[in-house]
Structure formats: structure tokens, C-alpha cells
Amino acid sequence: MYHDQALIPLKALHFEDGVNVTLGLPIIRTAPDHGTAFDIAGQDRADPRPMASAIRMAAYCSANRELVE
């Protein structure tokens, strides 16, 4: 199974708050799970909730970093 196939149910259920976390890096890296949304860029239609979820996840990972190192 490819990772894109596994993301289909996640995006279907949690499009507004799904977060991608990249593990194994020396830095904390999170991103909204939906992608770049180039089709609506510059149209003032973007939903800020996915980015807010990614920022909250990065803060959580930072606060609990010693638990995963």
C-alpha cells in the first residue's frame, strides 16, 4: 500500500484537522494533510483550520519531545 492510499480515509474523516508529521528529522516538521490548494490560492477561500492544527501539533511535539527521542 502506498502512503497516498492510506491517507484517503484520513482526509475523508479529518480534512479540516489532519496533520502530516515527518519523523526521523532533527527538527519538528508538521504540515496540513490536505496539500497546497493551488487551485484556490489568492482567492480568499482557504480555510485556516488545517494550518492551525499543524501548528498545534508542532507545539505538542515540541513540549513532549523528550518522550520520543
# chains A, B, ... in the order shown; residues from 1 in each chain; ligands from 1

call {"tool": "residues_around", "arguments": {"residues": "Asp33 in chain A", "least_positions_apart": "3", "cutoff": "10 Å", "atoms": "only C-alpha atoms", "output": "list in words"}}
result
Leu7, Leu10, Lys11, His14, Phe15, Glu16, Asp17, Gly18, Val19, Asn20, Val21, Thr30, Thr36, Pro50, Met51, Ser53 and Ala54 of chain A

call {"tool": "select_by_dssp", "arguments": {"residues": "chain A", "states": "strand (DSSP E or B)", "output": "list in words"}}
result
Val19, Asn20, Val21, Thr22, Arg29, Thr30, Ala31 and Pro32 of chain A

call {"tool": "write_last_selection", "arguments": {"atoms": "all heavy atoms", "output": "mmCIF file, in the first residue's frame"}}
result
data_model
loop_
_atom_site.group_PDB
_atom_site.id
_atom_site.type_symbol
_atom_site.label_atom_id
_atom_site.label_comp_id
_atom_site.auth_asym_id
_atom_site.auth_seq_id
_atom_site.Cartn_x
_atom_site.Cartn_y
_atom_site.Cartn_z
ATOM 1 N N VAL A 19 -3.134 16.218 10.123
ATOM 2 C CA VAL A 19 -1.786 16.789 10.136
ATOM 3 C C VAL A 19 -0.777 15.729 9.710
ATOM 4 O O VAL A 19 -0.835 14.591 10.152
ATOM 5 C CB VAL A 19 -1.426 17.314 11.553
ATOM 6 C CG1 VAL A 19 0.008 17.813 11.612
ATOM 7 C CG2 VAL A 19 -2.388 18.419 11.966
ATOM 8 N N ASN A 20 0.147 16.120 8.864
ATOM 9 C CA ASN A 20 1.245 15.268 8.438
ATOM 10 C C ASN A 20 2.434 15.579 9.343
ATOM 11 O O ASN A 20 2.830 16.740 9.468
ATOM 12 C CB ASN A 20 1.584 15.574 6.977
ATOM 13 C CG ASN A 20 2.682 14.705 6.437
ATOM 14 O OD1 ASN A 20 3.695 14.502 7.064
ATOM 15 N ND2 ASN A 20 2.473 14.200 5.242
ATOM 16 N N VAL A 21 2.997 14.564 9.972
ATOM 17 C CA VAL A 21 4.172 14.721 10.828
ATOM 18 C C VAL A 21 5.292 13.893 10.218
ATOM 19 O O VAL A 21 5.125 12.702 9.975
ATOM 20 C CB VAL A 21 3.899 14.245 12.276
ATOM 21 C CG1 VAL A 21 5.144 14.397 13.135
ATOM 22 C CG2 VAL A 21 2.743 15.011 12.877
ATOM 23 N N THR A 22 6.427 14.530 9.944
ATOM 24 C CA THR A 22 7.579 13.819 9.405
ATOM 25 C C THR A 22 8.482 13.426 10.562
ATOM 26 O O THR A 22 8.956 14.285 11.311
ATOM 27 C CB THR A 22 8.353 14.703 8.408
ATOM 28 O OG1 THR A 22 7.454 15.123 7.383
ATOM 29 C CG2 THR A 22 9.501 13.933 7.788
ATOM 30 N N ARG A 29 8.712 18.763 12.130
ATOM 31 C CA ARG A 29 8.130 19.183 10.864
ATOM 32 C C ARG A 29 6.695 18.681 10.785
ATOM 33 O O ARG A 29 6.434 17.485 10.812
ATOM 34 C CB ARG A 29 8.928 18.629 9.696
ATOM 35 C CG ARG A 29 8.470 19.183 8.356
ATOM 36 C CD ARG A 29 8.160 18.032 7.410
ATOM 37 N NE ARG A 29 7.646 18.528 6.149
ATOM 38 C CZ ARG A 29 6.448 18.221 5.705
ATOM 39 N NH1 ARG A 29 5.638 17.468 6.415
ATOM 40 N NH2 ARG A 29 6.037 18.670 4.545
ATOM 41 N N THR A 30 5.748 19.618 10.749
ATOM 42 C CA THR A 30 4.344 19.284 10.572
ATOM 43 C C THR A 30 3.800 20.092 9.404
ATOM 44 O O THR A 30 4.355 21.137 9.053
ATOM 45 C CB THR A 30 3.508 19.603 11.832
ATOM 46 O OG1 THR A 30 3.558 21.007 12.072
ATOM 47 C CG2 THR A 30 4.010 18.854 13.044
ATOM 48 N N ALA A 31 2.711 19.605 8.818
ATOM 49 C CA ALA A 31 2.062 20.311 7.712
ATOM 50 C C ALA A 31 0.599 19.893 7.657
ATOM 51 O O ALA A 31 0.253 18.787 8.052
ATOM 52 C CB ALA A 31 2.750 19.972 6.398
ATOM 53 N N PRO A 32 -0.263 20.772 7.144
ATOM 54 C CA PRO A 32 -1.644 20.350 6.932
ATOM 55 C C PRO A 32 -1.659 19.152 5.988
ATOM 56 O O PRO A 32 -0.867 19.087 5.049
ATOM 57 C CB PRO A 32 -2.303 21.571 6.276
ATOM 58 C CG PRO A 32 -1.421 22.723 6.637
ATOM 59 C CD PRO A 32 -0.045 22.162 6.755
#

call {"tool": "closest_residue", "arguments": {"among": "A:His34, A:Ser62, A:Asp4, A:Pro26", "to": "Asp47 in chain A", "atoms": "only C-alpha atoms"}}
result
A:His34

call {"tool": "select_by_dssp", "arguments": {"residues": "chain A", "states": "alpha helix (DSSP H)", "output": "number ranges by chain"}}
result
A: 3-14, 49-63, 65-68

call {"tool": "write_last_selection", "arguments": {"atoms": "N, CA and C atoms", "output": "PDB file, in the first residue's frame"}}
result
ATOM      1  N   HIS A   3       1.484   5.397   0.636  1.00  0.00           N
ATOM      2  CA  HIS A   3       1.017   6.289   1.699  1.00  0.00           C
ATOM      3  C   HIS A   3      -0.191   7.107   1.241  1.00  0.00           C
ATOM      4  N   ASP A   4      -0.284   7.442  -0.052  1.00  0.00           N
ATOM      5  CA  ASP A   4      -1.439   8.197  -0.531  1.00  0.00           C
ATOM      6  C   ASP A   4      -2.734   7.411  -0.367  1.00  0.00           C
ATOM      7  N   GLN A   5      -2.663   6.094  -0.507  1.00  0.00           N
ATOM      8  CA  GLN A   5      -3.858   5.273  -0.337  1.00  0.00           C
ATOM      9  C   GLN A   5      -4.305   5.259   1.125  1.00  0.00           C
ATOM     10  N   ALA A   6      -3.359   5.254   2.022  1.00  0.00           N
ATOM     11  CA  ALA A   6      -3.702   5.254   3.448  1.00  0.00           C
ATOM     12  C   ALA A   6      -4.275   6.598   3.887  1.00  0.00           C
ATOM     13  N   LEU A   7      -3.946   7.653   3.170  1.00  0.00           N
ATOM     14  CA  LEU A   7      -4.437   8.976   3.544  1.00  0.00           C
ATOM     15  C   LEU A   7      -5.874   9.233   3.103  1.00  0.00           C
ATOM     16  N   ILE A   8      -6.399   8.441   2.194  1.00  0.00           N
ATOM     17  CA  ILE A   8      -7.765   8.664   1.706  1.00  0.00           C
ATOM     18  C   ILE A   8      -8.779   8.656   2.856  1.00  0.00           C
ATOM     19  N   PRO A   9      -8.811   7.618   3.714  1.00  0.00           N
ATOM     20  CA  PRO A   9      -9.792   7.664   4.816  1.00  0.00           C
ATOM     21  C   PRO A   9      -9.523   8.794   5.806  1.00  0.00           C
ATOM     22  N   LEU A  10      -8.256   9.093   6.055  1.00  0.00           N
ATOM     23  CA  LEU A  10      -7.929  10.187   6.971  1.00  0.00           C
ATOM     24  C   LEU A  10      -8.466  11.507   6.436  1.00  0.00           C
ATOM     25  N   LYS A  11      -8.227  11.769   5.152  1.00  0.00           N
ATOM     26  CA  LYS A  11      -8.706  13.016   4.566  1.00  0.00           C
ATOM     27  C   LYS A  11     -10.231  13.054   4.503  1.00  0.00           C
ATOM     28  N   ALA A  12     -10.852  11.910   4.299  1.00  0.00           N
ATOM     29  CA  ALA A  12     -12.312  11.872   4.246  1.00  0.00           C
ATOM     30  C   ALA A  12     -12.934  12.185   5.607  1.00  0.00           C
ATOM     31  N   LEU A  13     -12.287  11.730   6.663  1.00  0.00           N
ATOM     32  CA  LEU A  13     -12.834  11.917   8.007  1.00  0.00           C
ATOM     33  C   LEU A  13     -12.329  13.163   8.717  1.00  0.00           C
ATOM     34  N   HIS A  14     -11.107  13.591   8.392  1.00  0.00           N
ATOM     35  CA  HIS A  14     -10.474  14.688   9.141  1.00  0.00           C
ATOM     36  C   HIS A  14      -9.809  15.691   8.210  1.00  0.00           C
ATOM     37  N   ARG A  49      -8.105  26.469   9.400  1.00  0.00           N
ATOM     38  CA  ARG A  49      -8.118  25.427  10.429  1.00  0.00           C
ATOM     39  C   ARG A  49      -7.053  24.352  10.225  1.00  0.00           C
ATOM     40  N   PRO A  50      -6.798  23.868   9.005  1.00  0.00           N
ATOM     41  CA  PRO A  50      -5.755  22.860   8.856  1.00  0.00           C
ATOM     42  C   PRO A  50      -4.369  23.364   9.274  1.00  0.00           C
ATOM     43  N   MET A  51      -4.045  24.610   8.934  1.00  0.00           N
ATOM     44  CA  MET A  51      -2.746  25.162   9.331  1.00  0.00           C
ATOM     45  C   MET A  51      -2.679  25.329  10.844  1.00  0.00           C
ATOM     46  N   ALA A  52      -3.767  25.760  11.452  1.00  0.00           N
ATOM     47  CA  ALA A  52      -3.799  25.899  12.912  1.00  0.00           C
ATOM     48  C   ALA A  52      -3.590  24.540  13.580  1.00  0.00           C
ATOM     49  N   SER A  53      -4.170  23.483  13.016  1.00  0.00           N
ATOM     50  CA  SER A  53      -3.977  22.135  13.564  1.00  0.00           C
ATOM     51  C   SER A  53      -2.522  21.704  13.465  1.00  0.00           C
ATOM     52  N   ALA A  54      -1.872  22.029  12.349  1.00  0.00           N
ATOM     53  CA  ALA A  54      -0.455  21.676  12.181  1.00  0.00           C
ATOM     54  C   ALA A  54       0.416  22.427  13.183  1.00  0.00           C
ATOM     55  N   ILE A  55       0.095  23.680  13.419  1.00  0.00           N
ATOM     56  CA  ILE A  55       0.865  24.475  14.398  1.00  0.00           C
ATOM     57  C   ILE A  55       0.655  23.917  15.807  1.00  0.00           C
ATOM     58  N   ARG A  56      -0.582  23.560  16.144  1.00  0.00           N
ATOM     59  CA  ARG A  56      -0.843  22.973  17.469  1.00  0.00           C
ATOM     60  C   ARG A  56      -0.098  21.645  17.636  1.00  0.00           C
ATOM     61  N   MET A  57      -0.058  20.834  16.585  1.00  0.00           N
ATOM     62  CA  MET A  57       0.658  19.559  16.656  1.00  0.00           C
ATOM     63  C   MET A  57       2.159  19.794  16.833  1.00  0.00           C
ATOM     64  N   ALA A  58       2.718  20.780  16.150  1.00  0.00           N
ATOM     65  CA  ALA A  58       4.135  21.094  16.316  1.00  0.00           C
ATOM     66  C   ALA A  58       4.433  21.540  17.743  1.00  0.00           C
ATOM     67  N   ALA A  59       3.545  22.344  18.314  1.00  0.00           N
ATOM     68  CA  ALA A  59       3.720  22.784  19.706  1.00  0.00           C
ATOM     69  C   ALA A  59       3.647  21.600  20.658  1.00  0.00           C
ATOM     70  N   TYR A  60       2.700  20.690  20.412  1.00  0.00           N
ATOM     71  CA  TYR A  60       2.571  19.492  21.247  1.00  0.00           C
ATOM     72  C   TYR A  60       3.832  18.631  21.151  1.00  0.00           C
ATOM     73  N   CYS A  61       4.317  18.428  19.938  1.00  0.00           N
ATOM     74  CA  CYS A  61       5.540  17.627  19.745  1.00  0.00           C
ATOM     75  C   CYS A  61       6.725  18.286  20.438  1.00  0.00           C
ATOM     76  N   SER A  62       6.804  19.603  20.356  1.00  0.00           N
ATOM     77  CA  SER A  62       7.900  20.317  20.994  1.00  0.00           C
ATOM     78  C   SER A  62       7.851  20.162  22.518  1.00  0.00           C
ATOM     79  N   ALA A  63       6.665  20.285  23.082  1.00  0.00           N
ATOM     80  CA  ALA A  63       6.505  20.169  24.529  1.00  0.00           C
ATOM     81  C   ALA A  63       6.776  18.766  25.032  1.00  0.00           C
ATOM     82  N   ARG A  65       8.843  16.452  23.387  1.00  0.00           N
ATOM     83  CA  ARG A  65       9.938  15.927  22.568  1.00  0.00           C
ATOM     84  C   ARG A  65      10.769  14.870  23.305  1.00  0.00           C
ATOM     85  N   GLU A  66      10.992  15.049  24.587  1.00  0.00           N
ATOM     86  CA  GLU A  66      11.809  14.079  25.326  1.00  0.00           C
ATOM     87  C   GLU A  66      11.162  12.700  25.386  1.00  0.00           C
ATOM     88  N   LEU A  67       9.864  12.635  25.158  1.00  0.00           N
ATOM     89  CA  LEU A  67       9.169  11.342  25.192  1.00  0.00           C
ATOM     90  C   LEU A  67       9.442  10.511  23.940  1.00  0.00           C
ATOM     91  N   VAL A  68       9.826  11.145  22.848  1.00  0.00           N
ATOM     92  CA  VAL A  68      10.006  10.420  21.587  1.00  0.00           C
ATOM     93  C   VAL A  68      11.463  10.323  21.142  1.00  0.00           C
TER      94      VAL A  68
END
